[in-house]
Number of protein chains: 2
Amino acid sequence: MADSHSLEALIQALRRLPGVGVKSAQRMAFHLLQHDREGARLLARALADAADHIKHCERCHTFTENTICSTCLDPRRDATKLCVVETPADQSALERTAAYKGMYFVLMGKLSPLDGIGPKDIGLQKLFARATDGVVQEVILATNFTAEGEATAHVIGEALKSRGLQVTRLARGVPAGSELEYVDLGTIAHALVDRR
Amino acid sequence: MADSHSLEALIQALRRLPGVGVKSAQRMAFHLLQHDREGARLLARALADAADHIKHCERCHTFTENTICSTCLDPRRDATKLCVVETPADQSALERTAAYKGMYFVLMGKLSPLDGIGPKDIGLQKLFARATDGVVQEVILATNFTAEGEATAHVIGEALKSRGLQVTRLARGVPAGSELEYVDLGTIAHALVDRR
């Protein structure tokens, strides 16, 4: 598209974003250059800034600019509970419910043998060390309810139970506000098994 | 997502990209920070570089780092033909056909009264000046075959015909390789009218 080396470089760089192919990258480059150069400069600064300053919390592994994140440092939180999630976005979803006031461990991924992601890649040793600090009593597995999330929960659960910890899993069931008629059968079957 | 100012700033900045909502922006930020920091730095440099160096060709209005783009400077091109397209991506599609060796004028948009985009915003005066340079004999309208692209072609065509230029439009018809049974009726109707 046009005879510009920096434009080609921009399109190629935009394709590093997940879910962005060559057509989307062209559209994004065109939009930024034609209608929003200030946005392009803002994004450039934000990217460089984040790449330089964001590291992982030493306790829970989430993204933070500090050694320990503010959640881990919060004294009002219940340090006897540790909730294991896949990503910061999942943690954020749980936080928005305001129904949980314990600590977190963010895996920053999930076990995925097909993609070559094993226990080392998602820092399970770090999680086991964190969970057996003597304060944590209950570990709540809040990985996603996908095949890989379930497998990850299973592996972590077995390992932590063998270390004498109480391990729970988020309840599976019918989503709030839904009509049974439109809920998939697997979900209804789980809701029946886990009825209370 | 997580307690980081630079992460929040990155997510907000990514949302300036067209077609990127908050969930996509979170996924992009997570991917870059967790799996591709080099990509993040590369994209940052590419954005700043493009925003600083890319301007518009003074003759055809396309993106270029120079005063006049290489297409406009190419002496092997037929300067009697001027093809009007909406975007550099459209120009690039035409170039890939290798079926056209004339000059271009890139509108960098289309007439769109509903979005408040009028003749001034897409540089029609500049196009009229370019087309009436005394060398151009035929103007080929290659705006898109959408409602707005057709309207843009109509406005430009009428104005240039009144200036004594030959104005043509890309042929509408049945796409190469398609079966009539599956072609939409409007396209078949146009192909019938424009039969030759």
# chains A, B, ... in the order shown; residues from 1 in each chain; ligands from 1
$ residues_around --residues "Tyr100 (chain B)" --least-positions-apart "2" --cutoff "12 Å" --atoms "only C-alpha atoms" --output "short mmCIF file (atom, residue, chain, number, x, y, z; two decimals) with N, CA and C atoms, in the first residue's frame"
data_model
loop_
_atom_site.label_atom_id
_atom_site.label_comp_id
_atom_site.auth_asym_id
_atom_site.auth_seq_id
_atom_site.Cartn_x
_atom_site.Cartn_y
_atom_site.Cartn_z
N ARG B 76 7.75 5.76 -16.93
CA ARG B 76 7.20 4.73 -17.82
C ARG B 76 5.68 4.68 -17.77
N ARG B 77 5.08 5.42 -16.84
CA ARG B 77 3.62 5.37 -16.71
C ARG B 77 2.95 6.31 -17.71
N ASP B 78 1.74 5.93 -18.10
CA ASP B 78 0.97 6.69 -19.09
C ASP B 78 0.30 7.88 -18.40
N ALA B 79 0.86 9.08 -18.63
CA ALA B 79 0.39 10.27 -17.93
C ALA B 79 -0.93 10.80 -18.50
N LYS B 81 -3.64 8.99 -18.55
CA LYS B 81 -4.73 8.31 -17.84
C LYS B 81 -4.59 8.57 -16.35
N LEU B 82 -5.72 8.90 -15.70
CA LEU B 82 -5.72 9.15 -14.26
C LEU B 82 -6.82 8.32 -13.62
N CYS B 83 -6.43 7.45 -12.70
CA CYS B 83 -7.39 6.55 -12.06
C CYS B 83 -7.68 7.07 -10.64
N GLN B 91 -5.70 1.32 -4.42
CA GLN B 91 -4.66 1.52 -5.42
C GLN B 91 -3.78 0.28 -5.51
N SER B 92 -3.42 -0.23 -4.35
CA SER B 92 -2.57 -1.42 -4.28
C SER B 92 -3.24 -2.61 -4.96
N ALA B 93 -4.58 -2.76 -4.79
CA ALA B 93 -5.30 -3.87 -5.43
C ALA B 93 -5.24 -3.72 -6.95
N LEU B 94 -5.42 -2.49 -7.44
CA LEU B 94 -5.34 -2.27 -8.88
C LEU B 94 -3.93 -2.55 -9.40
N GLU B 95 -2.92 -2.13 -8.65
CA GLU B 95 -1.53 -2.35 -9.07
C GLU B 95 -1.22 -3.84 -9.20
N ARG B 96 -1.78 -4.63 -8.27
CA ARG B 96 -1.49 -6.06 -8.28
C ARG B 96 -2.03 -6.74 -9.54
N THR B 97 -3.06 -6.15 -10.17
CA THR B 97 -3.60 -6.75 -11.40
C THR B 97 -2.61 -6.60 -12.56
N ALA B 98 -1.72 -5.61 -12.48
CA ALA B 98 -0.77 -5.30 -13.56
C ALA B 98 -1.50 -4.99 -14.87
N GLY B 102 -1.34 3.62 -15.85
CA GLY B 102 -1.48 5.07 -15.84
C GLY B 102 -1.18 5.66 -14.48
N MET B 103 -1.63 6.88 -14.24
CA MET B 103 -1.40 7.57 -12.97
C MET B 103 -2.60 7.35 -12.03
N TYR B 104 -2.46 7.81 -10.80
CA TYR B 104 -3.53 7.66 -9.81
C TYR B 104 -3.83 8.98 -9.14
N ILE B 140 -10.38 7.58 -15.00
CA ILE B 140 -11.07 6.31 -14.72
C ILE B 140 -11.53 6.32 -13.27
N ALA B 142 -12.53 4.65 -10.11
CA ALA B 142 -12.42 3.31 -9.51
C ALA B 142 -12.75 3.38 -8.02
N LEU B 170 -15.01 1.85 -13.81
CA LEU B 170 -14.74 0.41 -13.83
C LEU B 170 -16.03 -0.32 -14.20
#
$ interface_residues --of "chain A" --to "chain B" --cutoff "6 Å" --atoms "only C-alpha atoms" --output "list in words"
Met1, Ala2, Asp3, Ser4, Ser6, Leu10, Ala13, Leu17, Pro18, Met28, Arg37, Ala40, Arg41, Leu43, Ala44, Ala46, Leu47, Ala48, Ala50, Ala51, Phe63, Thr64, Glu65, Pro88, Ala89 and Ser92 of chain A
$ select_by_dssp --residues "region 8-172 of chain A" --states "alpha helix (DSSP H)" --output "ChimeraX atom specification"
/A:8-14,22-35,37-53,70-73,88-97,124-131,147-161
$ closest_residue --among "B:Val84, B:Ala129, B:Arg163, B:Arg196" --to "Thr143 (chain B)" --atoms "only C-alpha atoms"
B:Val84
$ select_by_dssp --residues "region 54-120 of chain B" --states "strand (DSSP E or B)" --output "list in words"
Lys55, His56, Phe63, Thr64, Asp78, Ala79, Thr80, Lys81, Leu82, Cys83, Val84, Val85, Gly102, Met103, Tyr104, Phe105, Val106, Ser112 and Ile117 of chain B
$ residues_around --residues "Ile122 (chain B)" --least-positions-apart "5" --cutoff "10 Å" --atoms "only C-alpha atoms" --output "list of chain:residue names"
B:His61, B:Glu86, B:Val106, B:Leu107, B:Met108, B:Gly109, B:Lys110, B:Leu111, B:Ser112, B:Ile117, B:Leu127, B:Thr152
$ write_last_selection --atoms "N, CA and C atoms" --output "compact mmCIF listing (two decimals), in the first residue's frame"
# COMPACT_ATOMS: atom_id res chain seq x y z
N HIS B 61 -1.79 12.53 -3.74
CA HIS B 61 -2.42 12.55 -2.43
C HIS B 61 -2.23 11.26 -1.62
N GLU B 86 -10.34 5.34 -3.76
CA GLU B 86 -10.66 5.88 -2.43
C GLU B 86 -9.45 5.84 -1.49
N VAL B 106 -5.55 9.52 -5.26
CA VAL B 106 -6.11 8.80 -4.12
C VAL B 106 -6.91 9.78 -3.25
N LEU B 107 -8.22 9.57 -3.17
CA LEU B 107 -9.10 10.52 -2.47
C LEU B 107 -8.86 10.52 -0.97
N MET B 108 -8.38 9.37 -0.43
CA MET B 108 -8.21 9.22 1.02
C MET B 108 -9.56 9.34 1.72
N GLY B 109 -10.59 8.81 1.06
CA GLY B 109 -11.92 8.85 1.66
C GLY B 109 -12.97 8.80 0.57
N LYS B 110 -14.20 9.10 0.93
CA LYS B 110 -15.29 9.13 -0.03
C LYS B 110 -16.31 10.13 0.47
N LEU B 111 -17.13 10.63 -0.44
CA LEU B 111 -18.20 11.53 -0.01
C LEU B 111 -19.14 10.74 0.89
N SER B 112 -19.48 11.31 2.02
CA SER B 112 -20.35 10.62 2.96
C SER B 112 -21.10 11.65 3.79
N ILE B 117 -18.81 14.21 5.65
CA ILE B 117 -17.64 14.27 4.78
C ILE B 117 -18.08 14.78 3.41
N LEU B 127 -8.13 17.32 -6.92
CA LEU B 127 -8.31 16.35 -8.00
C LEU B 127 -8.63 17.07 -9.31
N THR B 152 -19.80 9.21 -4.89
CA THR B 152 -18.54 9.94 -5.09
C THR B 152 -18.16 9.95 -6.57
$ atom_distance --atom1 "CA of Pro119 (chain A)" --atom2 "CA of Gln137 (chain A)"
22.4 Å
$ atom_distance --atom1 "CA of Val139 (chain A)" --atom2 "CA of Asp74 (chain A)"
18.4 Å
$ atom_distance --atom1 "CA of Val135 (chain A)" --atom2 "CA of Val85 (chain A)"
19.2 Å
$ residues_around --residues "Ala189 (chain A)" --least-positions-apart "5" --cutoff "9 Å" --atoms "only C-alpha atoms" --output "mmCIF file with N, CA and C atoms, in the first residue's frame"
data_model
loop_
_atom_site.group_PDB
_atom_site.id
_atom_site.type_symbol
_atom_site.label_atom_id
_atom_site.label_comp_id
_atom_site.auth_asym_id
_atom_site.auth_seq_id
_atom_site.Cartn_x
_atom_site.Cartn_y
_atom_site.Cartn_z
ATOM 1 N N GLY A 173 -22.879 -24.250 36.648
ATOM 2 C CA GLY A 173 -24.336 -24.288 36.736
ATOM 3 C C GLY A 173 -24.966 -23.374 35.713
ATOM 4 N N ASP A 184 -27.322 -24.797 27.212
ATOM 5 C CA ASP A 184 -26.842 -26.027 26.572
ATOM 6 C C ASP A 184 -26.910 -27.197 27.540
ATOM 7 N N ASP A 194 -24.353 -30.926 40.407
ATOM 8 C CA ASP A 194 -23.892 -30.065 41.500
ATOM 9 C C ASP A 194 -25.036 -29.424 42.266
#
